[in-house]
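> Handing over input_11.cif, mmCIF, C-alpha atoms.
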```cif
data_entry
#
loop_
_atom_site.label_atom_id
_atom_site.label_comp_id
_atom_site.auth_asym_id
_atom_site.auth_seq_id
_atom_site.Cartn_x
_atom_site.Cartn_y
_atom_site.Cartn_z
CA MET V 19 2.47 -6.74 -12.95
CA ALA V 20 5.91 -5.65 -12.02
CA LEU V 21 7.17 -2.12 -11.56
CA GLN V 22 9.14 -0.32 -14.24
CA THR V 23 11.23 2.56 -12.95
CA THR V 24 12.73 5.10 -15.32
CA VAL V 25 14.89 8.07 -14.45
CA GLU V 26 15.16 11.20 -16.63
CA GLN V 27 16.53 14.70 -16.29
CA ALA V 28 14.54 17.82 -17.05
CA ALA V 29 15.93 21.33 -17.31
CA GLY V 30 13.80 24.15 -16.00
CA ARG V 31 14.34 26.91 -13.50
CA VAL V 32 16.26 24.21 -11.60
CA PRO V 33 17.49 20.79 -12.77
CA VAL V 34 14.82 18.22 -11.93
CA THR V 35 15.20 14.45 -11.85
CA ILE V 36 12.01 12.70 -12.97
CA VAL V 37 11.35 9.19 -11.67
CA THR V 38 8.47 7.44 -13.41
CA LEU V 39 6.84 4.51 -11.65
CA ASP V 40 4.91 2.28 -14.04
CA GLY V 41 3.02 -0.70 -12.63
CA GLU V 42 2.44 -1.77 -9.04
CA LEU V 43 4.51 -0.58 -6.07
CA ASP V 44 4.50 -3.27 -3.39
CA GLY V 45 6.60 -5.28 -0.96
CA THR V 46 8.72 -6.75 -3.75
CA ASN V 47 10.01 -3.50 -5.21
CA TYR V 48 9.67 -0.64 -2.69
CA GLN V 49 13.33 -0.97 -1.68
CA HIS V 50 14.34 -0.48 -5.30
CA VAL V 51 12.52 2.86 -5.34
CA ILE V 52 14.28 3.91 -2.12
CA ASP V 53 17.64 2.89 -3.56
CA THR V 54 16.92 4.79 -6.78
CA VAL V 55 16.12 8.01 -4.91
CA GLN V 56 19.13 7.56 -2.62
CA GLY V 57 21.28 7.25 -5.74
CA ILE V 58 19.82 10.46 -7.18
CA TYR V 59 20.53 12.38 -3.97
CA ASP V 60 24.03 10.94 -3.68
CA ALA V 61 24.74 12.03 -7.26
CA GLY V 62 23.79 15.61 -6.40
CA GLY V 63 20.12 15.65 -7.43
CA ARG V 64 18.11 18.01 -5.20
CA HIS V 65 14.80 18.30 -7.04
CA LEU V 66 12.66 15.20 -7.60
CA LEU V 67 9.47 14.72 -9.59
CA LEU V 68 7.66 11.42 -9.09
CA ASP V 69 5.50 10.71 -12.12
CA LEU V 70 2.76 8.34 -10.91
CA THR V 71 0.60 8.51 -14.04
CA ASP V 72 1.03 4.79 -14.72
CA LEU V 73 1.15 3.61 -11.10
CA SER V 74 -1.96 1.48 -10.65
CA PHE V 75 -1.41 0.17 -7.11
CA ILE V 76 0.48 1.15 -3.98
CA SER V 77 0.76 -0.96 -0.81
CA SER V 78 1.83 0.17 2.64
CA ALA V 79 5.38 -0.80 1.65
CA GLY V 80 5.06 1.58 -1.28
CA LEU V 81 3.90 4.36 1.06
CA VAL V 82 7.04 3.78 3.09
CA ALA V 83 9.06 4.14 -0.12
CA LEU V 84 7.40 7.46 -1.01
CA HIS V 85 7.79 8.88 2.48
CA THR V 86 11.39 7.69 2.66
CA SER V 87 12.06 9.33 -0.72
CA LEU V 88 10.73 12.61 0.64
CA ARG V 89 13.03 12.36 3.66
CA LEU V 90 16.07 11.30 1.62
CA MET V 91 15.68 14.34 -0.60
CA GLN V 92 15.89 16.53 2.52
CA GLY V 93 19.26 14.94 3.26
CA ASP V 94 17.97 12.67 6.02
CA ALA V 95 19.47 9.26 6.61
CA PRO V 96 17.37 6.35 5.29
CA PRO V 97 15.13 4.94 8.05
CA ASP V 98 14.64 1.26 8.81
CA PRO V 99 12.51 0.15 5.85
CA GLU V 100 10.56 -2.25 8.11
CA TYR V 101 9.29 0.52 10.33
CA GLY V 102 5.54 0.10 9.81
CA TYR V 103 3.67 2.17 12.43
CA ALA V 104 6.72 4.36 12.73
CA ALA V 105 6.22 5.41 9.12
CA LEU V 106 2.63 6.33 9.88
CA ARG V 107 3.73 8.27 12.91
CA ALA V 108 6.46 10.05 10.98
CA ILE V 109 3.97 10.95 8.24
CA ASN V 110 1.55 12.39 10.78
CA GLU V 111 4.31 14.33 12.49
CA ASP V 112 5.38 15.78 9.18
CA VAL V 113 1.80 16.74 8.30
CA ASP V 114 1.33 18.35 11.73
CA ALA V 115 4.52 20.29 11.25
CA GLY V 116 3.32 21.57 7.90
CA ALA V 117 6.30 19.86 6.34
CA THR V 118 5.22 20.09 2.72
CA VAL V 119 8.43 20.47 0.80
CA SER V 120 9.06 22.21 -2.46
CA ASN V 121 11.82 20.03 -3.84
CA VAL V 122 9.70 16.89 -4.20
CA GLN V 123 6.62 17.04 -6.42
CA VAL V 124 4.21 14.38 -7.59
CA CYS V 125 2.12 14.28 -10.73
CA GLY V 126 -0.54 12.16 -12.39
CA THR V 127 -1.66 10.26 -9.31
CA GLN V 128 -4.53 7.90 -10.12
CA GLU V 129 -7.68 8.08 -8.03
CA GLY V 130 -7.14 4.74 -6.30
CA VAL V 131 -3.56 5.58 -5.35
CA GLN V 132 -4.54 9.08 -4.18
CA LYS V 133 -7.15 7.52 -1.88
CA VAL V 134 -4.45 5.48 -0.15
CA LEU V 135 -2.15 8.49 0.14
CA ASP V 136 -4.96 10.50 1.71
CA ARG V 137 -5.98 7.74 4.14
CA THR V 138 -2.51 7.70 5.63
CA GLY V 139 -1.91 11.43 5.55
CA LEU V 140 0.81 11.11 2.94
CA GLY V 141 -1.25 13.02 0.41
CA GLY V 142 -0.86 16.08 2.61
CA LEU V 143 2.90 15.98 2.22
CA PHE V 144 3.10 15.88 -1.53
CA PRO V 145 2.03 18.81 -3.67
CA ALA V 146 0.05 16.92 -6.33
CA HIS V 147 -0.12 18.04 -9.94
CA ALA V 148 -2.16 16.83 -12.89
CA ASP V 149 0.78 16.42 -15.21
CA ARG V 150 4.53 16.91 -15.64
CA ALA V 151 4.26 20.44 -17.01
CA ALA V 152 2.32 21.63 -13.98
CA ALA V 153 4.69 19.85 -11.62
CA LEU V 154 7.85 21.18 -13.29
CA ALA V 155 6.47 24.72 -13.08
CA ALA V 156 6.14 24.30 -9.31
CA PHE V 157 9.86 23.85 -8.60
CA MET N 29 -31.35 -22.07 -5.73
CA LEU N 30 -28.93 -19.92 -7.64
CA THR N 31 -25.28 -20.65 -7.17
CA GLN N 32 -23.32 -17.53 -6.29
CA PRO N 33 -20.07 -17.09 -8.20
CA GLU N 34 -16.89 -17.75 -6.26
CA TRP N 35 -13.17 -17.86 -6.86
CA ARG N 36 -10.36 -19.72 -5.10
CA HIS N 37 -6.57 -19.50 -5.51
CA ARG N 38 -3.63 -20.90 -3.56
CA ILE N 39 -0.05 -19.61 -3.75
CA PRO N 40 3.25 -20.23 -1.96
CA ALA N 41 3.83 -17.62 0.75
CA GLU N 42 6.16 -15.44 -1.32
CA LEU N 43 5.93 -11.68 -1.88
CA GLU N 44 6.65 -12.30 -5.56
CA ARG N 45 3.28 -14.07 -5.83
CA LEU N 46 1.16 -11.26 -4.34
CA ALA N 47 0.45 -9.81 -7.77
CA GLU N 48 -1.46 -13.01 -8.56
CA LEU N 49 -3.73 -12.52 -5.56
CA ARG N 50 -4.30 -8.86 -6.43
CA SER N 51 -5.12 -9.84 -9.99
CA LEU N 52 -7.61 -12.49 -8.87
CA VAL N 53 -9.36 -10.14 -6.46
CA ARG N 54 -9.57 -7.46 -9.15
CA GLU N 55 -11.03 -9.93 -11.63
CA ALA N 56 -13.49 -11.48 -9.16
CA ALA N 57 -14.69 -8.21 -7.67
CA THR N 58 -15.16 -6.67 -11.10
CA ALA N 59 -17.07 -9.73 -12.34
CA GLY N 60 -19.15 -9.58 -9.16
CA GLY N 61 -20.28 -6.05 -9.96
CA ALA N 62 -18.11 -4.09 -7.52
CA THR N 63 -17.48 -0.42 -8.23
CA ARG N 64 -13.96 0.67 -9.13
CA ASP N 65 -13.67 2.13 -5.64
CA ALA N 66 -14.66 -1.18 -4.02
CA VAL N 67 -12.32 -3.15 -6.27
CA ASP N 68 -9.39 -0.92 -5.28
CA ASP N 69 -10.23 -1.31 -1.58
CA LEU N 70 -10.43 -5.09 -1.75
CA VAL N 71 -7.19 -5.37 -3.70
CA GLN N 72 -5.54 -3.19 -1.04
CA ALA N 73 -6.94 -5.20 1.88
CA VAL N 74 -5.88 -8.55 0.43
CA ASP N 75 -2.40 -7.33 -0.43
CA GLU N 76 -1.83 -5.92 3.06
CA ALA N 77 -3.19 -9.03 4.81
CA ALA N 78 -1.22 -11.41 2.61
CA ALA N 79 1.99 -9.39 2.91
CA ASN N 80 1.64 -9.37 6.70
CA ALA N 81 1.17 -13.16 6.73
CA ILE N 82 4.27 -13.65 4.59
CA VAL N 83 6.56 -11.12 6.26
CA HIS N 84 5.45 -11.34 9.90
CA GLY N 85 3.49 -14.63 10.07
CA TYR N 86 5.74 -17.02 8.21
CA ALA N 87 8.71 -14.68 8.75
CA GLY N 88 10.78 -16.23 5.99
CA ALA N 89 9.68 -19.83 6.52
CA PRO N 90 8.04 -21.62 3.58
CA GLY N 91 4.26 -21.67 3.63
CA TRP N 92 1.06 -21.15 1.68
CA LEU N 93 -1.80 -18.70 1.33
CA GLU N 94 -5.28 -19.47 0.06
CA LEU N 95 -7.73 -16.85 -1.13
CA HIS N 96 -11.45 -17.35 -1.51
CA VAL N 97 -13.72 -14.69 -2.99
CA ALA N 98 -17.51 -14.87 -3.02
CA ILE N 99 -20.40 -12.52 -3.67
CA ASP N 100 -22.95 -12.47 -0.86
CA GLY N 101 -25.93 -10.32 -1.77
CA PRO N 102 -24.80 -6.67 -1.69
CA ASP N 103 -21.37 -7.62 -0.33
CA ILE N 104 -18.18 -9.22 -1.51
CA VAL N 105 -16.57 -11.57 0.98
CA VAL N 106 -12.86 -12.30 0.74
CA THR N 107 -11.29 -14.96 2.95
CA LEU N 108 -7.54 -15.34 3.32
CA GLU N 109 -6.17 -18.44 5.02
CA ASP N 110 -2.61 -19.28 5.97
CA GLY N 111 -0.70 -21.81 8.05
CA ALA N 112 1.40 -19.30 9.99
CA PRO N 113 1.39 -18.97 13.81
CA TRP N 114 -1.86 -17.63 15.24
CA PHE N 115 -2.24 -13.86 14.95
CA ASP N 116 -5.50 -11.96 15.25
CA PRO N 117 -5.26 -8.62 13.40
CA THR N 118 -8.79 -7.64 14.45
CA VAL N 119 -7.63 -7.12 18.03
CA ALA N 120 -4.38 -5.40 17.07
CA PRO N 121 -4.51 -1.92 18.57
CA GLU N 122 -4.94 1.18 16.45
CA PRO N 123 -1.67 3.00 15.94
CA ASP N 124 -0.82 4.73 19.21
CA MET N 125 1.32 7.66 18.19
CA ASP N 126 2.49 8.17 21.77
CA VAL N 127 4.15 4.76 22.00
CA PRO N 128 7.74 4.61 20.77
CA ALA N 129 7.98 3.05 17.32
CA THR N 130 10.40 0.43 18.57
CA VAL N 131 7.73 -0.82 21.00
CA ARG N 132 4.90 -0.82 18.47
CA GLY N 133 6.86 -2.90 16.00
CA PRO N 134 6.47 -3.15 12.25
CA GLY N 135 3.50 -4.06 10.10
CA GLY N 136 0.85 -1.88 11.69
CA MET N 137 0.27 0.39 8.73
CA GLY N 138 -1.08 -2.55 6.70
CA ILE N 139 -3.69 -3.42 9.33
CA HIS N 140 -4.69 0.24 9.52
CA LEU N 141 -5.28 0.24 5.75
CA ILE N 142 -7.26 -3.02 5.87
CA ARG N 143 -9.63 -1.52 8.44
CA LEU N 144 -10.17 1.59 6.35
CA ALA N 145 -10.81 -0.42 3.18
CA THR N 146 -13.39 -2.86 4.56
CA ASP N 147 -16.76 -2.84 6.34
CA ALA N 148 -16.14 -5.89 8.53
CA LEU N 149 -13.26 -8.11 9.61
CA ASP N 150 -13.67 -11.55 11.12
CA TYR N 151 -10.76 -13.60 12.43
CA ARG N 152 -10.74 -17.31 13.24
CA ARG N 153 -8.03 -19.72 14.19
CA ARG N 154 -7.87 -22.71 11.87
CA ALA N 155 -8.38 -25.97 13.75
CA ASP N 156 -5.18 -27.47 12.36
CA GLY N 157 -3.13 -24.33 12.99
CA GLY N 158 -2.99 -21.16 10.99
CA ASN N 159 -5.33 -18.26 10.46
CA MET N 160 -8.48 -17.38 8.58
CA LEU N 161 -9.26 -13.69 8.02
CA THR N 162 -12.56 -12.78 6.39
CA MET N 163 -12.86 -9.29 4.93
CA THR N 164 -16.27 -8.03 3.86
CA ARG N 165 -17.01 -4.94 1.84
CA SER N 166 -20.07 -3.52 0.15
CA LEU N 167 -19.97 -3.87 -3.63
CA ASP N 168 -20.81 -0.20 -4.05
CA ARG N 169 -20.95 1.86 -0.84
CA ARG N 170 -17.84 3.40 0.69
CA PRO N 171 -16.66 1.92 4.02
CA LYS N 172 -18.17 3.94 6.86
CA GLU N 173 -14.79 5.06 8.22
CA ASP N 174 -14.05 6.68 4.90
CA ALA N 175 -17.43 8.29 4.22
#
```
Before anything else, please render the file you have as structure tokens.

Amino acid sequence: MALQTTVEQAAGRVPVTIVTLDGELDGTNYQHVIDTVQGIYDAGGRHLLLDLTDLSFISSAGLVALHTSLRLMQGDAPPDPEYGYAALRAINEDVDAGATVSNVQVCGTQEGVQKVLDRTGLGGLFPAHADRAAALAAF
Amino acid sequence: MLTQPEWRHRIPAELERLAELRSLVREAATAGGATRDAVDDLVQAVDEAAANAIVHGYAGAPGWLELHVAIDGPDIVVTLEDGAPWFDPTVAPEPDMDVPATVRGPGGMGIHLIRLATDALDYRRRADGGNMLTMTRSLDRRPKEDA
């Protein structure tokens, strides 16, 4: 199963760009997600909602994509996408620093995907919401 | 003597083919009676091990991967073989957050996830070159690290 990525705009208290990931996020497509989020930031987007309702699998490469997306939306430069342990370290540093951000929200995370996020500490960085409405209200 | 069900699948060492391995593991583990939680863990472990073999083992060179899945009593046993240079992930150190990332190198997060998703890892060098990694997980209990 490949990954379908769709990008939409939502108007609320602030303009929010919604990226929906449908399928499996792995080593073949994680760079596409990074590029998509980089494009959103470059175009002026500052609030990002990742809708993971239909994401059924995430590999370590996918975790790198999510963490990189979080960093990109803070205006950071994109890190080396092959950074492996460095990603884990960066995630832990961000968790230790209480770096939960308000301009990136996640919704609809399936149980299996949430387990992987939690095992690596990434779950602690993303405010998770049951659905889009709850996530949009959090911006 | 009852014959235990088993599954075998061989693919070229290409990231684009990983979905096939994940699909086979999901099908086999489900047929073998694994819980949803166990199925997810095994799919994760196989994907990470196979991706490491492709990206870091073969490092762009052509190659192959062979997956074997079998039910062994209360456990599911997944064996992944490849023909890449010898590499033993079971002795790879846990992530040392004090070591600079450039020294640690890439790929470590996958091994970390494999350990968390399985109960036991066994590594052997293949006699004719290459690697054989056996990953065992209970069909229903959570891995102890995650309990």
> Mind telling me what the PyMOL selection byres ((chain V and resi 60-67) around 10) catches here, as number ranges by chain?
V: 25-28, 32-38, 54-59, 68-70, 87-88, 90-93, 120-125, 150, 153-154, 157
> Using all atoms listed in the file, determine which residues lie at most 10 Å from V:Arg137, disregarding the query and same-chain residues fewer than 5 positions distant; provide the list as a ChimeraX atom specification.
/V:132,142 /N:140-141,144-145,174
> Suppose you want the space between atom CA of V:Ala20 and atom CA of N:Glu44; what is it in Å?
9.3 Å
> In terms of the shortest atom-to-atom distance over all atoms listed in the file, which of N:Thr146, N:Thr162, N:Gln72, N:Thr58 is closest to N:His96?
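Of N:Thr146, N:Thr162, N:Gln72, N:Thr58, the one nearest N:His96, counting all atoms listed in the file, is N:Thr162.
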> Here is a test: counting only C-alpha atoms, which residue of N:Pro90, N:Gly138, N:Gly61, N:Pro40 is nearest to chain V?
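Result for the nearest residue to chain V: N:Gly138.
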> Apply the PyMOL selection byres ((chain N and resi 115) around 10) to the file shown and report the selected residues as a CSV table (one decimal) with C-alpha atoms, keeping the file's coordinate frame.

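Dumped to result-v6.csv:
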```csv
chain,number,residue,atom,x,y,z
N,81,ALA,CA,1.2,-13.2,6.7
N,84,HIS,CA,5.4,-11.3,9.9
N,85,GLY,CA,3.5,-14.6,10.1
N,112,ALA,CA,1.4,-19.3,10.0
N,113,PRO,CA,1.4,-19.0,13.8
N,114,TRP,CA,-1.9,-17.6,15.2
N,116,ASP,CA,-5.5,-12.0,15.2
N,117,PRO,CA,-5.3,-8.6,13.4
N,118,THR,CA,-8.8,-7.6,14.4
N,119,VAL,CA,-7.6,-7.1,18.0
N,120,ALA,CA,-4.4,-5.4,17.1
N,151,TYR,CA,-10.8,-13.6,12.4
N,152,ARG,CA,-10.7,-17.3,13.2
N,153,ARG,CA,-8.0,-19.7,14.2
N,158,GLY,CA,-3.0,-21.2,11.0
N,159,ASN,CA,-5.3,-18.3,10.5
N,160,MET,CA,-8.5,-17.4,8.6
N,161,LEU,CA,-9.3,-13.7,8.0
```
> Which residues fall under the PyMOL selection byres ((chain N and resi 104) around 7) in this file, as an MDAnalysis selection string?
chainID N and resid 98:100 103 105:106 164:167
> When distances are computed from only C-alpha atoms, which of N:Asp75, N:Pro171, N:Arg64, N:Ile39 shows the smallest separation from V:Ala79?
N:Asp75
> Point out the residue among N:Ala57, N:Ala89, N:Leu49, N:Val67 with the least atom-to-atom distance to N:Glu34, counting only C-alpha atoms.
N:Ala57
> Quick one: of N:Glu109, N:Arg45, N:Gly157, N:Gly91, who's nearest to chain V, counting only C-alpha atoms?
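Selected residue with least distance to chain V: N:Arg45.
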> State, in Å with one decimal place, the distance from atom CA of V:Ala152 to atom CA of V:Gln49.
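Rounded to one decimal, the two atoms are 28.0 Å apart.
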> Rounded to one decimal place, report the atom CA of N:Glu42-atom CA of N:Asp69 distance in Å.
21.6 Å
